[in-house]
Structures are given as C-alpha cells and as structure tokens.
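Student: Okay, here's the structure, questions in a sec.
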Amino acid sequence: MQDVIIIGAGVIGSFVARSLSTYKLNTLVLEKETDVCDVTSMANSAIVHSGYDPKPGTKKAFFNVRGNKMMEEVCKDLDVEFEKCGTLTVAIHDEQLPLLDELLVRAKENGVEAVLLTKEEVIKREPNINPNVKAALLCPTGGIVNPFTLTAHAMENAIDNGVKIHLSEEVISITPKDDYFIVKTNKSEYETKVVVNAAGLASDKIARMVENVDWNINPRKGQYFVFSPFDKWKKNEEKFVRSVLFPLPSEKGKGILVSRTTSSNYIAGPSSEPVNDMTDLSTDASTLRKVKEGALSLVPNMPFGNSIRVFSGNRATPSTHDFIIEPSKTYPNFINVAGIESPGLASSPAIGEYVTNELVVPLLNAKKNEGYKKTIKKYIKPQTLSVEEQNEIIKKNPDYGQIVCNCELVSLGEIKDALNRSLPCLTNKALKKRTRAGFGPCQGGFCQPEVLRLLSERLGIAPTDVLYDKEGSQIILNKVKEDK
C-alpha cells in the first residue's frame with residue numbers, strides 16, 4: 001500500500017514529490033512520458049514571474065508571489081540556473097499608459113515590488129527596445145530559470161530522499177474504495193491512501209476517473225522562436241536584451257515576449273491558440289509571422305537570422321481561470337492540482353509546499369523525515385569555472401576535458417554524471433535537457449551519434465533501441481551491415 005501516488009512528473013508533480021519527501025511517506029510518482037518535464041514544463045517561456053499580473057485574491061496571485069520569493073533559495077539548493085534579471089512590461093502607445101497605471105496598482109495589492117519607468121529610463125536600461133516606447137513597469141523580482149533542470153533536480157532530490165518514480169507508465173483507471181484507491185496503469189496496479197492529480201493537460205480526465213467535475217482543461221498552444229546565443233562570448237558588453245520584455249497583457253495572456261534564457265539563448269513568443277488535441281505541437285508559418293511581428297514591435301532589430309529553431313508547447317488553461325488546488329468534493333484523499341498554466345513555473349515550489357503541508361500530511365498524520373536533505377550533489381559545469389579550476393578538474397577526471405557537444409561545449413564528464421544520477425535518464429531528449437548536448441545551432445547534428453552510443457552503453461541496449469523521446473521514436477531503425 002502506497003501512502004501517496006502522484007500522477008504526473010512535470011514541475012508541479014516534481015515539487016509536490018520533493019515536499020512530500022520531507023516526511024516519512026511511501027510516495028510513488030507515475031509519469032506516462034519517458035522522462036520528467038516532457039510536456040508543458042518543458043515547452044514554456046522559462047520565466048519566474050514577479051506576481052504583478054494575477055488578479056488579487058486568486059490562487060494564481062498567492063502562489064506566484066510566494067513561489068517567486070522561494071525561487072532563489074530553491075535554485076541554490078537544487079543547483080539550478082536562475083537569474084533575477086527583472087521584467088519590463090512595455091507601453092508603446094499613449095493609450096496604453098492607463099493600463100500600465102492599473103498594473104502598478106495591482107502589483108502593490110499583490111505585494112510585489114514595482115516601479116514605473118519613463119521613456120528615457122527604459123531606453124537607458126534596454127537600448128535595443130522600440131524607440132517609440134512611452135513607459136514601462138519594472139518588476140525587479142522577476143527573472144529567468146532553467147525549467148528542465150528545475151524539474152529534473154527537484155525530482156532527483158525527491159528520489160534521493162526516498163520517493164519512487166515510474167516512467168512510461170500511464171494511469172488508465174482509478175477505483176475509489178472505503179479509504180483508499182486502486183490505481184490501475186498500463187503496466188501494473190497499486191493501492192494508495194492518497195492520490196495527487198498533477199497530470200497537467202490530462203488532469204480533468206484523471207479527475208473524472210473518480211467523480212464528475214465542473215471544470216475543464218482547455219489546451220492552449222504557444223509557438224516560439226529560439227535564437228542562438230549570439231552575444232554569449234562577448235566580453236564586458238551589455239546583453240542584447242537585459243530584462244524580460246512583455247507587451248501589455250490581454251485576455252489571451254501575457255502576450256509575445258522577448259527574453260534571454262539562462263543558457264544565453266534568446267526566445268520570442270508565445271502565440272496563444274486554443275487547440276482540441278493536447279498532443280498537437282505543430283508550428284505554422286502564419287502564426288510564426290505574428291510572433292515575429294510581436295517580437296519586432298518590442299525589439300525592432302531582433303536578429304531573426306539567428307533563429308535556430310521553432311517549437312510549440314501546450315498550456316493547461318482551466319475553465320475556472322484560476323489554479324485548481326483542492327480536494328475532490330467526494331473524496332478528501334483525492335487532491336486535484338490542475339489548471340496550472342502561467343505563472344505555474346514560478347508558483348511550483350509554493351504549490352508543492354502547500355499541497356504537502358496543508359492537504360496531504362493532515363490526512364496521513366505523517367512524521368518528519370529526519371534524514372531529509374534539501375540539496376542535491378552539485379553538478380560540475382566547466383563553463384562556469386576559471387581556466388585554473390577547469391584544469392584542476394580535468395587533471396582529476398580527464399572526461400571533463402573531452403568535448404562531446406561542440407556547440408554547447410558539453411563534456412563527456414557532464415554526460416556521464418547525468419547518466420549516473422538517481423533520476424533515470426533514458427532517452428536522447430532526456431540527456432539533452434539535463435546537459436544541453438544537442439541544444440546548440442547544429443541541433444545535435446554532430447554530437448547525436450556519440451550521445452546515442454553513450455546511452456546505448458549506459459542502458460545496456462542496442463543502438464537501434466535508443467529512443468529520441470517517446471516510445472517508438474528510435475533514432476536508428478536498423479543496421480546497414482550485419483556484424484560478422
């Protein structure tokens with residue numbers, strides 16, 4: 001009998017798991033994908049929102065502001081890339097200025113530090129911004145984070161503290177009993193005292209396995225451009241874009257932003273399109289043109305010639321227009337954590353803490369895990385070190401001097417480290433998210449064969465069985481020549 005089963009290993013499920021691992025509980029995470037952070041948590045803007053935008057009094061406002069305050073310490077503990085670079089919400093036209101004033105009032109109601117900047121102050125801070133800018137709202141506590149390592153390292157920490165995870169295991173039914181549930185998957189069957197539904201885009205489907213609910217998840221697709229880190233190697237120069245740049249928000253969302261990432265790339269997006277199919281991750285030329293137009297309205301000299309790829313992600317937009325974080329009306333031990341769209345990434349540590357301490361632990365009368373460690377073993381990142389430090393590390397372990405991914409300068413040592421952690425790394429894409437091998441301008445064109453070989457050796461499988469991502473996504477279909 002499990003104490004808790006968490007359905008879903010996105011950033012929310014991972015932080016719920018991490019928080020639950022602070023208690024002596026038998027916790028199991030079930031994830032239908034081949035890796036953590038493989039759906040919404042993977043394909044988003046990677047922004048730690050300050051909390052100025054959500055309507056005061058909503059769950060979005062509460063958890064966003066709380067999560068933002070937690071993020072710096074969380075990222076330090078989990079060895080995650082994070083930068084508090086600030087956000088600028090920009091008014092380009094005079095008629096937009098009253099809305100900027102309204103957002104300043106909302107920021108103060110939510111307890112968020114914010115200040116209005118004049119045109120001159122904005123241009124001084126962001127020389128490449130649209131010169132027609134009228135004013136902007138600066139929120140200095142906003143920032144950028146690596147969503148891949150944030151999710152993976154939170155789950156790694158949870159596993160190190162006793163949580164179990166099963167990947168490629170999809171929940172197909174949940175049967176309520178007197179005081180527990182039978183959770184059936186495509187691979188097995190489990191009994192559990194508590195279920196935490198953190199299934200993202202499928203959370204309404206999971207909720208309806210136990211009762212009728214009066215809310216729905218409506219997938220909304222966002223398309224993005226990714227730009228090469230064209231100013232990564234410049235010394236003592238201002239970044240092309242220093243802050244996260246937002247247009248004025250609308251009923252569709254926060255609009256098309258321009259931002260750096262923690263890896264020194266730049267992104268522009270997202271669009272906002274309702275879709276019927278939650279697995280639809282296609283991109284199209286007409287929508288991308290609109291994204292381009294939106295980005296150019298903020299930064300007219302945005303170098304689209306440096307774009308290295310486009311992608312899309314689907315967010316779990318709830319019909320309630322607010323986060324759904326509550327027990328089932330029928331079963332208090334079935335907890336829905338659903339509709340976690342933006343600002344879900346920023347809110348994730350606070351949501352994990354709340355679900356654990358306020359909703360799960362009181363049901364189980366759980367005791368503290370005295371052996372809990374809030375940190376993970378630090379990852380060696382040679383690019384962040386001085387030449388002297390790099391030489392010392394390479395002297396101890398030559399693998400850190402052997403570069404596998406030339407675009408991102410990812411070493412063999414970093415790849416081996418990722419493959420030997422407690423969180424399974426089973427696919428090319430999983431390793432890409434952990435180490436950035438394959439994320440550069442060539443998009444894995446040169447390093448993928450070596451990455452495939454390393455995965456094959458570490459997993460003890462044939463090269464033809466190595467997956468890029470999902471089941472059935474083998475990179476090599478068969479051998480050209482048979483071994484003699």
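As shown in the structure tokens, the chain order sets the letters A, B, ...; within each chain, residues go from 1, and ligands are also counted from 1 in the order they appear.
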Give me, as a VMD selection string, all polymer residues having an atom no more than 7 Å from Asn333 (chain A), counting only C-alpha atoms and skipping those fewer than 6 positions away in the same chain.

Tutor: chain A and resid 193 to 195 327

Student: With all heavy atoms retained, could you export that selection as a PDB file, in the first residue's frame?

Tutor:
ATOM      1  N   LYS A 193      -3.333   5.364  -0.278  1.00  0.00           N
ATOM      2  CA  LYS A 193      -4.213   6.105   0.620  1.00  0.00           C
ATOM      3  C   LYS A 193      -4.608   7.457   0.049  1.00  0.00           C
ATOM      4  O   LYS A 193      -5.712   7.943   0.285  1.00  0.00           O
ATOM      5  CB  LYS A 193      -3.522   6.293   1.980  1.00  0.00           C
ATOM      6  CG  LYS A 193      -3.183   4.997   2.696  1.00  0.00           C
ATOM      7  CD  LYS A 193      -2.330   5.268   3.940  1.00  0.00           C
ATOM      8  CE  LYS A 193      -1.871   3.970   4.586  1.00  0.00           C
ATOM      9  NZ  LYS A 193      -0.945   4.228   5.725  1.00  0.00           N
ATOM     10  N   VAL A 194      -3.671   8.091  -0.680  1.00  0.00           N
ATOM     11  CA  VAL A 194      -3.909   9.434  -1.216  1.00  0.00           C
ATOM     12  C   VAL A 194      -3.458   9.477  -2.679  1.00  0.00           C
ATOM     13  O   VAL A 194      -2.431   8.886  -3.030  1.00  0.00           O
ATOM     14  CB  VAL A 194      -3.137  10.502  -0.402  1.00  0.00           C
ATOM     15  CG1 VAL A 194      -3.289  11.884  -1.035  1.00  0.00           C
ATOM     16  CG2 VAL A 194      -3.601  10.525   1.046  1.00  0.00           C
ATOM     17  N   VAL A 195      -4.227  10.167  -3.490  1.00  0.00           N
ATOM     18  CA  VAL A 195      -3.834  10.444  -4.871  1.00  0.00           C
ATOM     19  C   VAL A 195      -3.688  11.952  -5.040  1.00  0.00           C
ATOM     20  O   VAL A 195      -4.564  12.721  -4.617  1.00  0.00           O
ATOM     21  CB  VAL A 195      -4.874   9.921  -5.884  1.00  0.00           C
ATOM     22  CG1 VAL A 195      -4.546  10.420  -7.302  1.00  0.00           C
ATOM     23  CG2 VAL A 195      -4.930   8.400  -5.871  1.00  0.00           C
ATOM     24  N   PRO A 327      -9.061  19.398  -2.620  1.00  0.00           N
ATOM     25  CA  PRO A 327      -9.506  18.001  -2.595  1.00  0.00           C
ATOM     26  C   PRO A 327     -10.767  17.825  -3.437  1.00  0.00           C
ATOM     27  O   PRO A 327     -11.516  18.773  -3.689  1.00  0.00           O
ATOM     28  CB  PRO A 327      -9.796  17.737  -1.110  1.00  0.00           C
ATOM     29  CG  PRO A 327      -9.201  18.875  -0.369  1.00  0.00           C
ATOM     30  CD  PRO A 327      -9.192  20.033  -1.302  1.00  0.00           C
TER      31      PRO A 327
END

Student: When you look at Glu95 (chain A) with a cut-off of 12 Å (counting only C-alpha atoms), what residues show up, excluding the ones that are within fewer than 5 positions of it in the same chain? I need them as a list in words.

Tutor: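 Selected residues are Leu100, Asp101, Val133, Lys134, Ala135 and Leu248 of chain A.
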
Student: Run DSSP on the backbone of this structure and report the residues of region 237-375 of chain A it assigns to alpha helix (DSSP H), as an MDAnalysis selection string.

Tutor: chainID A and resid 285:298 344:354 361:364

Student: Keeping only N, CA, C and O atoms, write the selected residues to a file as an mmCIF file, in the first residue's frame.

Tutor:
data_model
loop_
_atom_site.group_PDB
_atom_site.id
_atom_site.type_symbol
_atom_site.label_atom_id
_atom_site.label_comp_id
_atom_site.auth_asym_id
_atom_site.auth_seq_id
_atom_site.Cartn_x
_atom_site.Cartn_y
_atom_site.Cartn_z
ATOM 1 N N ALA A 285 3.464 28.663 -40.393
ATOM 2 C CA ALA A 285 4.103 29.889 -40.857
ATOM 3 C C ALA A 285 3.307 31.137 -40.508
ATOM 4 O O ALA A 285 3.878 32.159 -40.111
ATOM 5 N N SER A 286 1.983 31.089 -40.632
ATOM 6 C CA SER A 286 1.188 32.290 -40.389
ATOM 7 C C SER A 286 1.244 32.705 -38.923
ATOM 8 O O SER A 286 1.370 33.902 -38.610
ATOM 9 N N THR A 287 1.175 31.738 -38.012
ATOM 10 C CA THR A 287 1.265 32.069 -36.584
ATOM 11 C C THR A 287 2.657 32.573 -36.231
ATOM 12 O O THR A 287 2.806 33.543 -35.482
ATOM 13 N N LEU A 288 3.672 31.937 -36.785
ATOM 14 C CA LEU A 288 5.038 32.380 -36.504
ATOM 15 C C LEU A 288 5.295 33.781 -37.041
ATOM 16 O O LEU A 288 6.071 34.547 -36.454
ATOM 17 N N ARG A 289 4.636 34.138 -38.139
ATOM 18 C CA ARG A 289 4.756 35.526 -38.635
ATOM 19 C C ARG A 289 4.208 36.507 -37.611
ATOM 20 O O ARG A 289 4.778 37.584 -37.387
ATOM 21 N N LYS A 290 3.098 36.140 -36.968
ATOM 22 C CA LYS A 290 2.515 37.003 -35.940
ATOM 23 C C LYS A 290 3.433 37.102 -34.717
ATOM 24 O O LYS A 290 3.551 38.162 -34.098
ATOM 25 N N VAL A 291 4.050 35.989 -34.374
ATOM 26 C CA VAL A 291 5.015 36.009 -33.268
ATOM 27 C C VAL A 291 6.178 36.934 -33.620
ATOM 28 O O VAL A 291 6.617 37.757 -32.801
ATOM 29 N N LYS A 292 6.653 36.830 -34.828
ATOM 30 C CA LYS A 292 7.748 37.685 -35.281
ATOM 31 C C LYS A 292 7.352 39.158 -35.225
ATOM 32 O O LYS A 292 8.108 40.004 -34.740
ATOM 33 N N GLU A 293 6.139 39.467 -35.690
ATOM 34 C CA GLU A 293 5.654 40.851 -35.655
ATOM 35 C C GLU A 293 5.585 41.366 -34.220
ATOM 36 O O GLU A 293 5.963 42.503 -33.929
ATOM 37 N N GLY A 294 5.094 40.510 -33.310
ATOM 38 C CA GLY A 294 5.000 40.916 -31.912
ATOM 39 C C GLY A 294 6.360 41.176 -31.299
ATOM 40 O O GLY A 294 6.553 42.138 -30.548
ATOM 41 N N ALA A 295 7.329 40.304 -31.620
ATOM 42 C CA ALA A 295 8.682 40.485 -31.084
ATOM 43 C C ALA A 295 9.324 41.754 -31.640
ATOM 44 O O ALA A 295 9.965 42.517 -30.906
ATOM 45 N N LEU A 296 9.132 42.015 -32.945
ATOM 46 C CA LEU A 296 9.725 43.200 -33.562
ATOM 47 C C LEU A 296 9.103 44.490 -33.058
ATOM 48 O O LEU A 296 9.744 45.544 -33.081
ATOM 49 N N SER A 297 7.853 44.402 -32.579
ATOM 50 C CA SER A 297 7.234 45.603 -32.013
ATOM 51 C C SER A 297 7.893 45.991 -30.695
ATOM 52 O O SER A 297 7.860 47.158 -30.288
ATOM 53 N N LEU A 298 8.508 45.017 -30.021
ATOM 54 C CA LEU A 298 9.248 45.296 -28.786
ATOM 55 C C LEU A 298 10.711 45.609 -29.078
ATOM 56 O O LEU A 298 11.283 46.542 -28.507
ATOM 57 N N GLY A 344 2.607 29.183 -13.544
ATOM 58 C CA GLY A 344 2.808 27.924 -12.841
ATOM 59 C C GLY A 344 4.250 27.605 -12.522
ATOM 60 O O GLY A 344 4.554 27.056 -11.457
ATOM 61 N N LEU A 345 5.162 27.932 -13.437
ATOM 62 C CA LEU A 345 6.569 27.630 -13.195
ATOM 63 C C LEU A 345 7.073 28.379 -11.968
ATOM 64 O O LEU A 345 7.702 27.801 -11.079
ATOM 65 N N ALA A 346 6.769 29.666 -11.889
ATOM 66 C CA ALA A 346 7.177 30.464 -10.729
ATOM 67 C C ALA A 346 6.490 29.994 -9.449
ATOM 68 O O ALA A 346 7.052 30.098 -8.353
ATOM 69 N N SER A 347 5.276 29.476 -9.581
ATOM 70 C CA SER A 347 4.474 29.074 -8.424
ATOM 71 C C SER A 347 4.820 27.692 -7.896
ATOM 72 O O SER A 347 4.425 27.333 -6.781
ATOM 73 N N SER A 348 5.551 26.896 -8.682
ATOM 74 C CA SER A 348 5.700 25.468 -8.383
ATOM 75 C C SER A 348 6.256 25.144 -6.994
ATOM 76 O O SER A 348 5.720 24.246 -6.325
ATOM 77 N N PRO A 349 7.305 25.810 -6.494
ATOM 78 C CA PRO A 349 7.769 25.448 -5.150
ATOM 79 C C PRO A 349 6.719 25.716 -4.074
ATOM 80 O O PRO A 349 6.574 24.933 -3.131
ATOM 81 N N ALA A 350 5.980 26.807 -4.235
ATOM 82 C CA ALA A 350 4.950 27.142 -3.244
ATOM 83 C C ALA A 350 3.782 26.182 -3.317
ATOM 84 O O ALA A 350 3.196 25.811 -2.286
ATOM 85 N N ILE A 351 3.419 25.759 -4.511
ATOM 86 C CA ILE A 351 2.324 24.790 -4.655
ATOM 87 C C ILE A 351 2.722 23.460 -4.030
ATOM 88 O O ILE A 351 1.929 22.837 -3.311
ATOM 89 N N GLY A 352 3.947 23.013 -4.293
ATOM 90 C CA GLY A 352 4.409 21.758 -3.694
ATOM 91 C C GLY A 352 4.368 21.800 -2.180
ATOM 92 O O GLY A 352 3.929 20.846 -1.524
ATOM 93 N N GLU A 353 4.806 22.902 -1.614
ATOM 94 C CA GLU A 353 4.807 23.085 -0.161
ATOM 95 C C GLU A 353 3.388 23.072 0.396
ATOM 96 O O GLU A 353 3.096 22.401 1.406
ATOM 97 N N TYR A 354 2.476 23.793 -0.257
ATOM 98 C CA TYR A 354 1.098 23.893 0.219
ATOM 99 C C TYR A 354 0.368 22.543 0.133
ATOM 100 O O TYR A 354 -0.302 22.126 1.093
ATOM 101 N N VAL A 361 -0.430 15.914 4.320
ATOM 102 C CA VAL A 361 0.078 15.497 5.638
ATOM 103 C C VAL A 361 -1.032 15.402 6.694
ATOM 104 O O VAL A 361 -1.063 14.449 7.476
ATOM 105 N N PRO A 362 -1.983 16.356 6.751
ATOM 106 C CA PRO A 362 -3.048 16.217 7.747
ATOM 107 C C PRO A 362 -3.888 14.943 7.567
ATOM 108 O O PRO A 362 -4.420 14.409 8.553
ATOM 109 N N LEU A 363 -3.973 14.440 6.335
ATOM 110 C CA LEU A 363 -4.737 13.208 6.104
ATOM 111 C C LEU A 363 -4.014 11.985 6.651
ATOM 112 O O LEU A 363 -4.645 11.011 7.071
ATOM 113 N N LEU A 364 -2.680 12.034 6.641
ATOM 114 C CA LEU A 364 -1.892 10.851 6.970
ATOM 115 C C LEU A 364 -1.196 10.942 8.316
ATOM 116 O O LEU A 364 -0.560 9.974 8.752
#

Student: Residues at most 12 Å from Lys470 (chain A), counting only C-alpha atoms, excluding those fewer than 2 positions away in the same chain, as a ChimeraX atom specification?

Tutor: /A:32-36,38-39,167-169,426-430,465-468,472-475

Student: Using only C-alpha atoms, which residues sit within 9 Å of Asp160 (chain A) once same-chain residues fewer than 4 positions away are excluded, as a VMD selection string?

Tutor: chain A and resid 21 155 to 156 372 to 373 376 422 to 423

Student: Please dump the current selection as a PDB file, in the first residue's frame; keep C-alpha atoms.

Tutor:
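Final file, selection.pdb:
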ATOM      1  CA  SER A  21       9.943  13.633   0.788  1.00  0.00           C
ATOM      2  CA  MET A 155      12.623  15.105  -8.726  1.00  0.00           C
ATOM      3  CA  GLU A 156      16.205  13.934  -8.232  1.00  0.00           C
ATOM      4  CA  TYR A 372      15.898  14.663   4.639  1.00  0.00           C
ATOM      5  CA  LYS A 373      18.499  16.623   2.678  1.00  0.00           C
ATOM      6  CA  ILE A 376      21.498  17.609  -4.371  1.00  0.00           C
ATOM      7  CA  SER A 422      19.226   8.709  -9.193  1.00  0.00           C
ATOM      8  CA  LEU A 423      16.708  10.151 -11.661  1.00  0.00           C
TER       9      LEU A 423
END

Student: What is the distance between CA of Gly142 (chain A) and CA of Val65 (chain A), in Å to one decimal?

Tutor: 10.1 Å

Student: So that I can see what lies close to Pro229 (chain A), please list as a PyMOL selection string the residues with an atom at most 8 Å from it, counting only C-alpha atoms and leaving out residues fewer than 4 positions away in the same chain.

Tutor: chain A and resi 263-266

Student: Please identify all polymer residues within 12 Å of region 176-179 of chain A, counting only C-alpha atoms, omitting same-chain residues fewer than 5 positions from it, and present them as a VMD selection string.

Tutor: chain A and resid 1 3 184 190 to 195 207 to 211 328 330 to 334 363 to 364

Student: Those selected residues, please, written with N, CA and C atoms and delivered as a PDB file, in the first residue's frame.

Tutor:
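Below you can see selection-v1.pdb, which holds the result:
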ATOM      1  N   MET A   1       0.846  -1.204   0.000  1.00  0.00           N
ATOM      2  CA  MET A   1       0.000   0.000   0.000  1.00  0.00           C
ATOM      3  C   MET A   1       0.884   1.259   0.000  1.00  0.00           C
ATOM      4  N   ASP A   3       1.436   5.290   0.461  1.00  0.00           N
ATOM      5  CA  ASP A   3       0.816   6.405   1.183  1.00  0.00           C
ATOM      6  C   ASP A   3       0.264   7.420   0.177  1.00  0.00           C
ATOM      7  N   LYS A 184      -4.927   1.783 -11.464  1.00  0.00           N
ATOM      8  CA  LYS A 184      -4.505   0.831 -12.490  1.00  0.00           C
ATOM      9  C   LYS A 184      -3.786   1.580 -13.599  1.00  0.00           C
ATOM     10  N   TYR A 190      -1.950  -0.559  -8.248  1.00  0.00           N
ATOM     11  CA  TYR A 190      -1.448  -0.124  -6.954  1.00  0.00           C
ATOM     12  C   TYR A 190      -2.608   0.253  -6.044  1.00  0.00           C
ATOM     13  N   GLU A 191      -2.375   0.090  -4.753  1.00  0.00           N
ATOM     14  CA  GLU A 191      -3.292   0.624  -3.744  1.00  0.00           C
ATOM     15  C   GLU A 191      -2.610   1.808  -3.076  1.00  0.00           C
ATOM     16  N   THR A 192      -3.380   2.868  -2.843  1.00  0.00           N
ATOM     17  CA  THR A 192      -2.790   4.060  -2.225  1.00  0.00           C
ATOM     18  C   THR A 192      -3.811   4.772  -1.359  1.00  0.00           C
ATOM     19  N   LYS A 193      -3.333   5.364  -0.278  1.00  0.00           N
ATOM     20  CA  LYS A 193      -4.213   6.105   0.620  1.00  0.00           C
ATOM     21  C   LYS A 193      -4.608   7.457   0.049  1.00  0.00           C
ATOM     22  N   VAL A 194      -3.671   8.091  -0.680  1.00  0.00           N
ATOM     23  CA  VAL A 194      -3.909   9.434  -1.216  1.00  0.00           C
ATOM     24  C   VAL A 194      -3.458   9.477  -2.679  1.00  0.00           C
ATOM     25  N   VAL A 195      -4.227  10.167  -3.490  1.00  0.00           N
ATOM     26  CA  VAL A 195      -3.834  10.444  -4.871  1.00  0.00           C
ATOM     27  C   VAL A 195      -3.688  11.952  -5.040  1.00  0.00           C
ATOM     28  N   ALA A 207      -9.291  13.428 -13.076  1.00  0.00           N
ATOM     29  CA  ALA A 207     -10.283  13.766 -12.051  1.00  0.00           C
ATOM     30  C   ALA A 207     -11.594  13.044 -12.302  1.00  0.00           C
ATOM     31  N   ARG A 208     -11.972  12.924 -13.570  1.00  0.00           N
ATOM     32  CA  ARG A 208     -13.252  12.273 -13.906  1.00  0.00           C
ATOM     33  C   ARG A 208     -13.211  10.757 -13.761  1.00  0.00           C
ATOM     34  N   MET A 209     -12.041  10.222 -13.440  1.00  0.00           N
ATOM     35  CA  MET A 209     -11.976   8.789 -13.139  1.00  0.00           C
ATOM     36  C   MET A 209     -12.595   8.464 -11.789  1.00  0.00           C
ATOM     37  N   VAL A 210     -12.748   9.502 -10.928  1.00  0.00           N
ATOM     38  CA  VAL A 210     -13.320   9.248  -9.603  1.00  0.00           C
ATOM     39  C   VAL A 210     -14.643   9.973  -9.360  1.00  0.00           C
ATOM     40  N   GLU A 211     -14.904  11.078 -10.111  1.00  0.00           N
ATOM     41  CA  GLU A 211     -16.155  11.806  -9.928  1.00  0.00           C
ATOM     42  C   GLU A 211     -16.363  12.776 -11.085  1.00  0.00           C
ATOM     43  N   SER A 328     -10.975  16.616  -3.871  1.00  0.00           N
ATOM     44  CA  SER A 328     -12.228  16.246  -4.528  1.00  0.00           C
ATOM     45  C   SER A 328     -13.407  16.527  -3.600  1.00  0.00           C
ATOM     46  N   THR A 330     -15.935  14.720  -3.326  1.00  0.00           N
ATOM     47  CA  THR A 330     -16.431  13.432  -2.828  1.00  0.00           C
ATOM     48  C   THR A 330     -15.406  12.705  -1.969  1.00  0.00           C
ATOM     49  N   TYR A 331     -14.135  12.807  -2.368  1.00  0.00           N
ATOM     50  CA  TYR A 331     -13.074  12.050  -1.697  1.00  0.00           C
ATOM     51  C   TYR A 331     -11.980  13.012  -1.224  1.00  0.00           C
ATOM     52  N   PRO A 332     -11.911  13.279   0.068  1.00  0.00           N
ATOM     53  CA  PRO A 332     -10.920  14.233   0.574  1.00  0.00           C
ATOM     54  C   PRO A 332      -9.480  13.772   0.377  1.00  0.00           C
ATOM     55  N   ASN A 333      -9.288  12.479   0.119  1.00  0.00           N
ATOM     56  CA  ASN A 333      -7.936  11.958  -0.097  1.00  0.00           C
ATOM     57  C   ASN A 333      -7.580  11.879  -1.585  1.00  0.00           C
ATOM     58  N   PHE A 334      -8.381  12.519  -2.425  1.00  0.00           N
ATOM     59  CA  PHE A 334      -8.044  12.687  -3.847  1.00  0.00           C
ATOM     60  C   PHE A 334      -7.889  14.189  -4.080  1.00  0.00           C
ATOM     61  N   LEU A 363      -3.973  14.440   6.335  1.00  0.00           N
ATOM     62  CA  LEU A 363      -4.737  13.208   6.104  1.00  0.00           C
ATOM     63  C   LEU A 363      -4.014  11.985   6.651  1.00  0.00           C
ATOM     64  N   LEU A 364      -2.680  12.034   6.641  1.00  0.00           N
ATOM     65  CA  LEU A 364      -1.892  10.851   6.970  1.00  0.00           C
ATOM     66  C   LEU A 364      -1.196  10.942   8.316  1.00  0.00           C
TER      67      LEU A 364
END

Student: Closest to Ile217 (chain A) among A:Pro318, A:Pro140, A:Gly460, A:Gly413, using only C-alpha atoms?

Tutor: A:Pro318

Student: Using only C-alpha atoms, pick whichever of A:Val48, A:Leu138, A:Cys37, A:Ala366 has the shortest atom-to-atom distance to Lys24 (chain A).

Tutor: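 Smallest separation from Lys24 (chain A) among the options: A:Ala366.
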
Student: Any idea what's packed within 12 Å of Ser272 (chain A), counting only C-alpha atoms, ignoring anything in its chain fewer than 5 positions away? Could you give it as number ranges by chain?

Tutor: A: 44, 218-224, 249-256, 283, 287-288, 290-291, 312-317

Student: Please dump the current selection as a compact mmCIF listing (two decimals), in the first residue's frame; keep N, CA and C atoms.

Tutor:
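Once everything was written out, this is out-v4.txt:
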# COMPACT_ATOMS: atom_id res chain seq x y z
N ASN A 44 7.89 26.14 -22.51
CA ASN A 44 7.28 27.36 -21.98
C ASN A 44 8.29 28.49 -22.05
N ASN A 218 -8.61 23.30 -21.01
CA ASN A 218 -8.68 23.65 -22.42
C ASN A 218 -7.27 23.94 -22.91
N PRO A 219 -6.68 23.02 -23.66
CA PRO A 219 -5.29 23.22 -24.11
C PRO A 219 -5.16 24.48 -24.96
N ARG A 220 -4.10 25.22 -24.71
CA ARG A 220 -3.83 26.44 -25.47
C ARG A 220 -2.36 26.39 -25.92
N LYS A 221 -2.19 26.44 -27.22
CA LYS A 221 -0.85 26.27 -27.79
C LYS A 221 -0.12 27.60 -27.92
N GLY A 222 1.17 27.57 -27.64
CA GLY A 222 2.02 28.74 -27.82
C GLY A 222 3.22 28.37 -28.67
N GLN A 223 3.48 29.16 -29.71
CA GLN A 223 4.61 28.91 -30.61
C GLN A 223 5.72 29.92 -30.35
N TYR A 224 6.96 29.46 -30.49
CA TYR A 224 8.13 30.27 -30.13
C TYR A 224 9.22 30.19 -31.21
N PRO A 249 -0.51 42.96 -21.19
CA PRO A 249 -1.26 41.71 -21.25
C PRO A 249 -2.68 41.93 -21.79
N SER A 250 -3.25 40.83 -22.31
CA SER A 250 -4.63 40.85 -22.80
C SER A 250 -5.36 39.66 -22.24
N GLU A 251 -6.63 39.46 -22.68
CA GLU A 251 -7.41 38.33 -22.19
C GLU A 251 -6.80 37.00 -22.65
N LYS A 252 -5.93 37.02 -23.67
CA LYS A 252 -5.29 35.80 -24.16
C LYS A 252 -4.05 35.43 -23.35
N GLY A 253 -3.57 36.35 -22.54
CA GLY A 253 -2.38 36.05 -21.76
C GLY A 253 -1.43 37.22 -21.70
N LYS A 254 -0.18 36.91 -21.41
CA LYS A 254 0.82 37.96 -21.21
C LYS A 254 1.41 38.46 -22.52
N GLY A 255 1.03 37.84 -23.64
CA GLY A 255 1.47 38.33 -24.93
C GLY A 255 2.82 37.80 -25.35
N ILE A 256 3.30 38.29 -26.50
CA ILE A 256 4.55 37.82 -27.09
C ILE A 256 5.72 38.56 -26.47
N THR A 283 3.87 23.65 -35.58
CA THR A 283 4.04 25.09 -35.77
C THR A 283 3.60 25.41 -37.20
N THR A 287 1.18 31.74 -38.01
CA THR A 287 1.27 32.07 -36.58
C THR A 287 2.66 32.57 -36.23
N LEU A 288 3.67 31.94 -36.79
CA LEU A 288 5.04 32.38 -36.50
C LEU A 288 5.30 33.78 -37.04
N LYS A 290 3.10 36.14 -36.97
CA LYS A 290 2.52 37.00 -35.94
C LYS A 290 3.43 37.10 -34.72
N VAL A 291 4.05 35.99 -34.37
CA VAL A 291 5.02 36.01 -33.27
C VAL A 291 6.18 36.93 -33.62
N SER A 312 6.69 24.56 -30.18
CA SER A 312 5.43 24.95 -29.55
C SER A 312 5.21 24.12 -28.29
N GLY A 313 4.40 24.65 -27.39
CA GLY A 313 4.02 23.94 -26.18
C GLY A 313 2.57 24.22 -25.86
N ASN A 314 1.92 23.29 -25.20
CA ASN A 314 0.52 23.47 -24.82
C ASN A 314 0.41 23.70 -23.32
N ARG A 315 -0.31 24.74 -22.96
CA ARG A 315 -0.53 25.04 -21.55
C ARG A 315 -1.92 24.56 -21.13
N ALA A 316 -2.05 24.20 -19.87
CA ALA A 316 -3.30 23.63 -19.36
C ALA A 316 -4.20 24.74 -18.83
N THR A 317 -4.93 25.40 -19.73
CA THR A 317 -5.78 26.52 -19.33
C THR A 317 -7.08 26.01 -18.72

Student: Would you mind reading off the distance between CA of Phe225 (chain A) and CA of Leu137 (chain A), one decimal, in Å?

Tutor: 24.6 Å

Student: I need the residue nearest Gly86 (chain A) from this list: A:Phe62, A:Cys139, A:Lys368, A:Asp53. Use only C-alpha atoms for the distance.

Tutor: A:Cys139

Student: I need the residue nearest Ile335 (chain A) from this list: A:Val105, A:Cys407, A:Ala199, A:Leu281. Use only C-alpha atoms for the distance.

Tutor: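 Checking each candidate against Ile335 (chain A), we get A:Ala199 as the closest.
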
Student: Counting only C-alpha atoms, which residue out of A:Val299, A:Leu385, A:Asn212, A:Gly8 sits closest to Ile92 (chain A)?

Tutor: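 Using only C-alpha atoms, Ile92 (chain A) sits closest to A:Val299.
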
Student: Do you have the CA of Phe323 (chain A)-CA of Thr141 (chain A) distance handy?

Tutor: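 So the answer is 21.8 Å.
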